[in-house]
Amino acid sequence: MHSDYAIEARGLSKHFNELRAVSSLDLNVPRGQIYGFLGPNGSGKSTTIRMLCGLLTPTEGSATVLDTDIPGNAKDLKPKIGYMTQRFSLFGDLTVFENLQFIAEIYSYPVAGRGARIDELLGKYNLVGQRTQLAGTMSGGQRQRLALACAVLHHPDLLLLDEPTSAVDPQSRRDFWENLFRLAGSGTTILVSTHYMDEAERCHRLAILDHGVKVADGTPQELQDDTGMHIVEVTADDPYAAQSAIHDLAEVASVTQLGVRLRVLMPESIDSPVAIVERALASREIKASARLTSATLEDVFVAVTLRPPVTQ
Amino acid sequence: MKSFSRVLAIVKKEVRQLRRDRLTFGMVVGLPVIQMLLFGYAINTDVRHLKTAIADQADTHLSQQFVAEVRQTQVVDIIESVPTARDLEDLLRRGRISIGVLIPADFDRRVNDPARAAVQLLVDGTDPTILGVANQLKSIPFGFDSTQYSPTGQSVIEVRPFYNPERRTPVNIIPGLMGVILTMTMILFTAVAIVRERERGNLELLINTPLSSTELMVGKVIPYIVIGMLQLALILGVGRLLFDVPVRGSVVDLYLAATAFVAANLALGLLISTAANTQFQAMQMMVFILLPSILLSGFMFPFDGMPTFAQYIGEVLPNTHFIRLTRGIMLRDAALAELLPDLFYLIGFTLVAMTVAAMRFSKRLD
């Protein structure tokens with residue numbers, strides 16, 4: 001049975017002794033899209049990805065990945081997925097070419113097309129000059145391109161990327177995402193975990209994880225439209241003083257400082273949020289202006305990972 | 001077919017990595033040579049050139065002949081002549097000599113009197129081997145024909161050692177040393193083989209590919225079997241060149257036995273590798289195998305002389321069986337067909353250890 005979804009997970013949980021790393025996760029990842037996992041360290045992103053490729057056995061629940069049931073049939077799944085680990089996991093004491101060759105051999109890539117495929121990848125991922133360089137001596141960005149080249153060598157239908165850009169500079173991250181869009185354009189489904197907002201914004205769809213629980217799920221736009229929060233932006237000469245004036249208000253869920261600006265999150269159920277903020281500032285004679293604005297993904301993240309919102 | 005090419009991929013990768021790993025590569029050659037020199041030269045249980053002083057208080061024609069006789073054994077080096085027994089004791093106490101030979105003034109008369117000892121040996125008893133040597137020397141005065149006042153050249157006790165008439169230690173030690181060296185290097189290489197990939201993160205990549213546990217294990221073992229064979233050739237070469245150790249039996253038999261032994265050690269190494277979490281842990285576990293392999297395998301001490309429970313431990317160790325095989329083939333000209341139980345044990349050990357290792361190595365992280 002061919003499903004429209006590359007990944008369907010139902011009530012997926014993983015407990016390590018007392019620790020509930022992932023709790024009852026439901027997930028639908030459409031084919032051919034870039035699906036993001038956004039969450040802080042320890043939120044269960046890696047654990048989920050490892051369960052989805054059969055590396056970890058779920059404590060509860062099950063998943064269907066590329067029409068294959070896991071954990072039962074993980075073996076059949078391996079040739080169809082590409083996996084990029086959080087840590088560089090290729091062989092530092094082999095050259096770029098040797099690493100690619102090894103991966104081609106392990107995936108039984110047809111011998112006739114092997115050389116051409118490796119050359120193609122070296123070109124695509126800008127590694128022609130590093131062909132005979134030992135992988136261990138390369139820069140972070142180069143290693144990451146090699147890791148991606150190795151992960152896609154066998155034309156996988158699904159690519160699982162576990163924080164692939166955590167060790168590279170912004171330019172390399174931009175290039176990396178160019179490559180991901182190209183792959184998605186040619187029909188590859190990509191599941192990528194990250195803790196960068198700008199990367200999350202690039203995904204077609206997004207799930208936000210917090211302490212092993214999925215707290216939000218949707219397109220970046222949907223999530224921004226539906227935070228359940230008023231976002232009040234305060235501009236002040238003395239943002240620190242302004243922050244202390246606002247912070248303890250019962251109506252305020254969170255205050256984040258961005259330079260001279262403060263982003264104040266207040267539950268949607270509150271009427272006239274700007275007035276409340278302005279009154280608090282005026283009472284301490286702080287010079288500042290406040291206005292209502294639309295949510296960024298960062299606001300979404302702050303909103304959904306808050307402790308239970310303040311009572312009205 | 002796919003499986004075969006995947007195994008080949010692992011073999012190729014291992015060889016490439018090994019070639020770039022100077023330290024490991026050096027160990028392949030360096031470890032056997034250094035061990036051979038260490039054991040061959042330094043650990044020599046037939047003691048020679050013990051420092052000795054003589055107090056010849058008789059100073060007669062006969063006593064001088066006796067001293068010449070003692071000197072000829074080469075067991076002792078006479079470094080000093082002193083007048084009195086007290087001087088000998090003094091030298092002993094200061095550690096200048098190991099043996100003091102005291103020839104009393106009435107030596108000529110004592111030689112003729114079987115009831116009284118003619119010569120007194122003052123021995124440093126702190127080392128039991130030296131005491132043993134002293135006992136050897138004791139037989140010399142009895143070789144004199146008391147009626148003719150001249151040496152007869154005959155010993156009362158005749159020792160006729162088989163297989164090693166010169167009683168040289170290397171001949172006995174090197175077949176066993178082969179086992180120790182191969183145990184050390186083979187287990188060392190494979191014990192870290194899987195753990196190293198786990199530490200470097202390579203394993204997470206490998207277990208996400210179609211590669212199976214068995215393919216990974218077999219691919220990792222093959223290059224080291226070849227290395228084991230090279231080491232064996234090296235040991236035999238050095239043994240021949242420096243210590244004149246013979247191979248009396250068939251070299252083919254010896255290589256067959258060694259192949260089984262190398263495989264057994266590699267399998268054991270892999271087993272350690274699946275149990276250890278870090279390379280350091282793997283090393284610690286290796287010590288637990290290595291020490292008994294040296295002490296309880298019959299390499300250091302005669303197997304039959306060990307307590308029963310130590311013999312049980314010894315029987316489990318591959319090295320014990322390999323030493324029986326090599327001593328048989330190299331020194332006693334035995335055919336492999338006559339030593340089948342030991343060979344079968346090694347093959348059985350390999351199969352069991354490999355199976356357990358492949359089973360223990362799960363393609364999961366939990």
# chains A, B, ... in the order shown; residues from 1 in each chain; ligands from 1
>>> interface_residues(of="chain A", to="chain B", cutoff="9 Å", atoms="only C-alpha atoms", output="PyMOL selection string")
chain A and resi 50+53-57+75-79+81-85+87-94+98-99+101-103+105-108
>>> residues_around(residues="Leu137 (chain B)", least_positions_apart="6", cutoff="9 Å", atoms="only C-alpha atoms", output="PyMOL selection string")
chain B and resi 70+73+75+121
>>> write_last_selection(atoms="C-alpha atoms", output="JSON list (two decimals), in the first residue's frame")
[["chain", "number", "residue", "atom", "x", "y", "z"],
["B", 70, "VAL", "CA", 84.98, -25.30, 37.47],
["B", 73, "THR", "CA", 81.78, -25.24, 32.86],
["B", 75, "VAL", "CA", 78.43, -21.64, 34.49],
["B", 121, "LEU", "CA", 80.15, -23.67, 47.96]]
>>> residues_around(residues="Arg202 (chain A)", least_positions_apart="5", cutoff="9 Å", atoms="only C-alpha atoms", output="mmCIF file with C-alpha atoms, in the first residue's frame")
data_model
loop_
_atom_site.group_PDB
_atom_site.id
_atom_site.type_symbol
_atom_site.label_atom_id
_atom_site.label_comp_id
_atom_site.auth_asym_id
_atom_site.auth_seq_id
_atom_site.Cartn_x
_atom_site.Cartn_y
_atom_site.Cartn_z
ATOM 1 C CA ILE A 34 11.482 19.195 3.935
ATOM 2 C CA GLY A 36 11.828 20.162 10.331
ATOM 3 C CA TRP A 177 20.148 24.348 2.434
ATOM 4 C CA MET A 197 15.179 29.438 13.828
ATOM 5 C CA PRO A 220 5.976 27.936 9.576
#
>>> select_by_dssp(residues="region 30-261 of chain A", states="helix (DSSP H, G or I)", output="JSON, numbers by chain")
{"A": [45, 46, 47, 48, 49, 50, 51, 52, 74, 75, 76, 77, 78, 79, 80, 96, 97, 98, 99, 100, 101, 102, 103, 104, 105, 106, 111, 112, 113, 114, 115, 116, 117, 118, 119, 120, 121, 122, 123, 124, 128, 129, 130, 135, 136, 137, 140, 141, 142, 143, 144, 145, 146, 147, 148, 149, 150, 151, 152, 170, 171, 172, 173, 174, 175, 176, 177, 178, 179, 180, 181, 182, 183, 184, 185, 197, 198, 199, 200, 201, 202, 220, 221, 222, 223, 224, 225, 239, 240, 241, 242, 243, 244, 245, 246, 247]}
>>> write_last_selection(atoms="C-alpha atoms", output="JSON list (two decimals), in the first residue's frame")
[["chain", "number", "residue", "atom", "x", "y", "z"],
["A", 45, "LYS", "CA", 14.91, 15.07, 18.24],
["A", 46, "SER", "CA", 17.80, 12.61, 17.87],
["A", 47, "THR", "CA", 15.95, 9.86, 19.70],
["A", 48, "THR", "CA", 12.98, 10.21, 17.34],
["A", 49, "ILE", "CA", 15.18, 10.14, 14.24],
["A", 50, "ARG", "CA", 16.99, 7.07, 15.57],
["A", 51, "MET", "CA", 13.70, 5.30, 16.18],
["A", 52, "LEU", "CA", 12.52, 6.15, 12.67],
["A", 74, "ALA", "CA", 14.21, -2.01, 9.70],
["A", 75, "LYS", "CA", 16.50, -4.20, 7.57],
["A", 76, "ASP", "CA", 14.37, -3.62, 4.43],
["A", 77, "LEU", "CA", 14.39, 0.07, 5.13],
["A", 78, "LYS", "CA", 18.18, 0.58, 5.23],
["A", 79, "PRO", "CA", 18.79, 0.65, 1.45],
["A", 80, "LYS", "CA", 16.03, 3.24, 0.98],
["A", 96, "VAL", "CA", 37.15, 11.88, 0.34],
["A", 97, "PHE", "CA", 37.18, 9.58, -2.67],
["A", 98, "GLU", "CA", 37.81, 6.48, -0.55],
["A", 99, "ASN", "CA", 34.93, 7.34, 1.78],
["A", 100, "LEU", "CA", 32.55, 7.73, -1.16],
["A", 101, "GLN", "CA", 33.87, 4.54, -2.71],
["A", 102, "PHE", "CA", 33.35, 2.66, 0.55],
["A", 103, "ILE", "CA", 29.77, 3.88, 0.85],
["A", 104, "ALA", "CA", 29.12, 2.91, -2.79],
["A", 105, "GLU", "CA", 30.44, -0.59, -2.11],
["A", 106, "ILE", "CA", 28.45, -1.01, 1.09],
["A", 111, "VAL", "CA", 29.90, -1.08, -10.39],
["A", 112, "ALA", "CA", 29.47, 0.29, -13.91],
["A", 113, "GLY", "CA", 28.05, 3.61, -12.75],
["A", 114, "ARG", "CA", 30.07, 3.93, -9.56],
["A", 115, "GLY", "CA", 32.90, 6.11, -10.83],
["A", 116, "ALA", "CA", 30.53, 8.44, -12.64],
["A", 117, "ARG", "CA", 28.28, 8.76, -9.57],
["A", 118, "ILE", "CA", 31.22, 9.64, -7.32],
["A", 119, "ASP", "CA", 32.48, 12.23, -9.82],
["A", 120, "GLU", "CA", 28.98, 13.67, -10.06],
["A", 121, "LEU", "CA", 28.76, 14.00, -6.27],
["A", 122, "LEU", "CA", 32.24, 15.53, -5.99],
["A", 123, "GLY", "CA", 31.12, 18.16, -8.49],
["A", 124, "LYS", "CA", 27.69, 18.79, -6.97],
["A", 128, "VAL", "CA", 36.57, 18.11, -6.51],
["A", 129, "GLY", "CA", 39.63, 19.78, -4.98],
["A", 130, "GLN", "CA", 39.44, 17.59, -1.87],
["A", 135, "ALA", "CA", 38.47, 13.47, 5.51],
["A", 136, "GLY", "CA", 39.83, 14.09, 9.00],
["A", 137, "THR", "CA", 41.87, 17.08, 7.84],
["A", 140, "GLY", "CA", 33.64, 21.63, 9.16],
["A", 141, "GLY", "CA", 31.83, 22.77, 6.04],
["A", 142, "GLN", "CA", 33.72, 20.38, 3.79],
["A", 143, "ARG", "CA", 33.08, 17.45, 6.13],
["A", 144, "GLN", "CA", 29.42, 18.26, 6.19],
["A", 145, "ARG", "CA", 29.24, 18.35, 2.39],
["A", 146, "LEU", "CA", 31.01, 15.00, 2.26],
["A", 147, "ALA", "CA", 28.61, 13.56, 4.82],
["A", 148, "LEU", "CA", 25.65, 14.72, 2.75],
["A", 149, "ALA", "CA", 27.20, 13.37, -0.46],
["A", 150, "CYS", "CA", 27.67, 9.99, 1.26],
["A", 151, "ALA", "CA", 24.11, 10.04, 2.62],
["A", 152, "VAL", "CA", 22.57, 10.61, -0.82],
["A", 170, "PRO", "CA", 26.55, 30.61, 8.17],
["A", 171, "GLN", "CA", 27.73, 30.55, 4.54],
["A", 172, "SER", "CA", 28.11, 26.77, 4.63],
["A", 173, "ARG", "CA", 24.66, 26.52, 6.15],
["A", 174, "ARG", "CA", 23.19, 28.55, 3.29],
["A", 175, "ASP", "CA", 24.90, 26.35, 0.71],
["A", 176, "PHE", "CA", 23.78, 23.27, 2.57],
["A", 177, "TRP", "CA", 20.15, 24.35, 2.43],
["A", 178, "GLU", "CA", 20.46, 25.06, -1.28],
["A", 179, "ASN", "CA", 21.43, 21.43, -1.65],
["A", 180, "LEU", "CA", 18.50, 20.28, 0.47],
["A", 181, "PHE", "CA", 16.02, 22.22, -1.67],
["A", 182, "ARG", "CA", 17.53, 20.71, -4.80],
["A", 183, "LEU", "CA", 17.12, 17.23, -3.33],
["A", 184, "ALA", "CA", 13.55, 17.90, -2.22],
["A", 185, "GLY", "CA", 12.84, 19.26, -5.69],
["A", 197, "MET", "CA", 15.18, 29.44, 13.83],
["A", 198, "ASP", "CA", 16.27, 30.55, 10.37],
["A", 199, "GLU", "CA", 16.64, 26.92, 9.32],
["A", 200, "ALA", "CA", 13.28, 25.99, 10.78],
["A", 201, "GLU", "CA", 11.75, 28.83, 8.77],
["A", 202, "ARG", "CA", 12.99, 27.23, 5.55],
["A", 220, "PRO", "CA", 5.98, 27.94, 9.58],
["A", 221, "GLN", "CA", 3.23, 30.36, 8.48],
["A", 222, "GLU", "CA", 0.48, 28.42, 10.26],
["A", 223, "LEU", "CA", 2.53, 28.31, 13.42],
["A", 224, "GLN", "CA", 3.20, 32.04, 13.31],
["A", 225, "ASP", "CA", -0.48, 32.81, 12.70],
["A", 239, "PRO", "CA", 15.46, 48.21, 27.93],
["A", 240, "TYR", "CA", 16.68, 46.68, 31.17],
["A", 241, "ALA", "CA", 14.55, 48.99, 33.29],
["A", 242, "ALA", "CA", 11.63, 48.45, 30.93],
["A", 243, "GLN", "CA", 12.02, 44.71, 31.24],
["A", 244, "SER", "CA", 11.92, 44.77, 35.02],
["A", 245, "ALA", "CA", 8.81, 46.94, 34.87],
["A", 246, "ILE", "CA", 6.96, 44.51, 32.59],
["A", 247, "HIS", "CA", 8.35, 41.20, 33.69]]
>>> residues_around(residues="Leu258 (chain A)", least_positions_apart="4", cutoff="12 Å", atoms="only C-alpha atoms", output="JSON list (two decimals) with C-alpha atoms, in the first residue's frame")
[["chain", "number", "residue", "atom", "x", "y", "z"],
["A", 233, "GLU", "CA", 7.17, 45.01, 20.84],
["A", 234, "VAL", "CA", 8.56, 47.57, 23.25],
["A", 235, "THR", "CA", 11.32, 49.98, 22.22],
["A", 236, "ALA", "CA", 13.04, 51.66, 25.14],
["A", 239, "PRO", "CA", 15.46, 48.21, 27.93],
["A", 240, "TYR", "CA", 16.68, 46.68, 31.17],
["A", 243, "GLN", "CA", 12.02, 44.71, 31.24],
["A", 262, "LEU", "CA", 11.72, 43.81, 24.02],
["A", 263, "ARG", "CA", 9.35, 41.19, 22.70],
["A", 264, "VAL", "CA", 6.52, 40.68, 25.17],
["A", 298, "GLU", "CA", 11.22, 32.57, 17.62],
["A", 299, "ASP", "CA", 8.07, 33.90, 19.30]]
>>> residues_around(residues="Val251 (chain B)", least_positions_apart="3", cutoff="12 Å", atoms="only C-alpha atoms", output="compact mmCIF listing (two decimals) with N, CA and C atoms, in the first residue's frame")
# COMPACT_ATOMS: atom_id res chain seq x y z
N LEU B 232 53.99 -14.48 11.90
CA LEU B 232 54.53 -15.83 12.12
C LEU B 232 55.82 -16.01 11.33
N ALA B 233 55.79 -15.56 10.05
CA ALA B 233 56.99 -15.67 9.22
C ALA B 233 58.14 -14.89 9.84
N LEU B 236 59.48 -16.76 12.94
CA LEU B 236 60.28 -17.92 12.54
C LEU B 236 61.62 -17.48 11.98
N PRO B 246 65.01 -24.46 15.37
CA PRO B 246 64.67 -25.26 14.20
C PRO B 246 63.16 -25.39 13.99
N VAL B 247 62.73 -25.71 12.78
CA VAL B 247 61.38 -26.21 12.54
C VAL B 247 61.57 -27.64 12.05
N ARG B 248 61.43 -28.59 12.97
CA ARG B 248 61.73 -29.97 12.62
C ARG B 248 60.60 -30.61 11.82
N LEU B 254 52.59 -26.18 10.44
CA LEU B 254 52.74 -25.09 11.38
C LEU B 254 51.83 -23.93 10.99
N TYR B 255 51.77 -23.62 9.69
CA TYR B 255 50.92 -22.53 9.22
C TYR B 255 49.44 -22.85 9.38
N LEU B 256 49.08 -24.11 9.16
CA LEU B 256 47.68 -24.50 9.36
C LEU B 256 47.28 -24.30 10.82
N ALA B 257 48.14 -24.77 11.71
CA ALA B 257 47.86 -24.61 13.14
C ALA B 257 47.76 -23.13 13.50
N ALA B 258 48.68 -22.34 12.92
CA ALA B 258 48.70 -20.92 13.25
C ALA B 258 47.45 -20.22 12.73
N THR B 326 52.72 -26.10 18.47
CA THR B 326 53.99 -25.62 17.93
C THR B 326 55.18 -26.39 18.50
N ILE B 329 55.20 -29.64 16.60
CA ILE B 329 55.60 -29.57 15.19
C ILE B 329 57.04 -29.09 15.05
N MET B 330 57.40 -28.06 15.80
CA MET B 330 58.73 -27.46 15.61
C MET B 330 59.85 -28.26 16.24
N LEU B 331 59.59 -28.82 17.44
CA LEU B 331 60.71 -29.41 18.18
C LEU B 331 60.71 -30.93 18.14
N ASP B 333 59.08 -32.81 15.78
CA ASP B 333 58.79 -33.32 14.45
C ASP B 333 57.48 -34.11 14.43
N ALA B 334 56.49 -33.61 15.15
CA ALA B 334 55.20 -34.28 15.13
C ALA B 334 54.40 -33.78 13.93
N ALA B 335 53.53 -34.64 13.40
CA ALA B 335 52.65 -34.22 12.31
C ALA B 335 51.37 -33.65 12.91
N LEU B 336 50.74 -32.75 12.17
CA LEU B 336 49.51 -32.12 12.65
C LEU B 336 48.46 -33.19 12.92
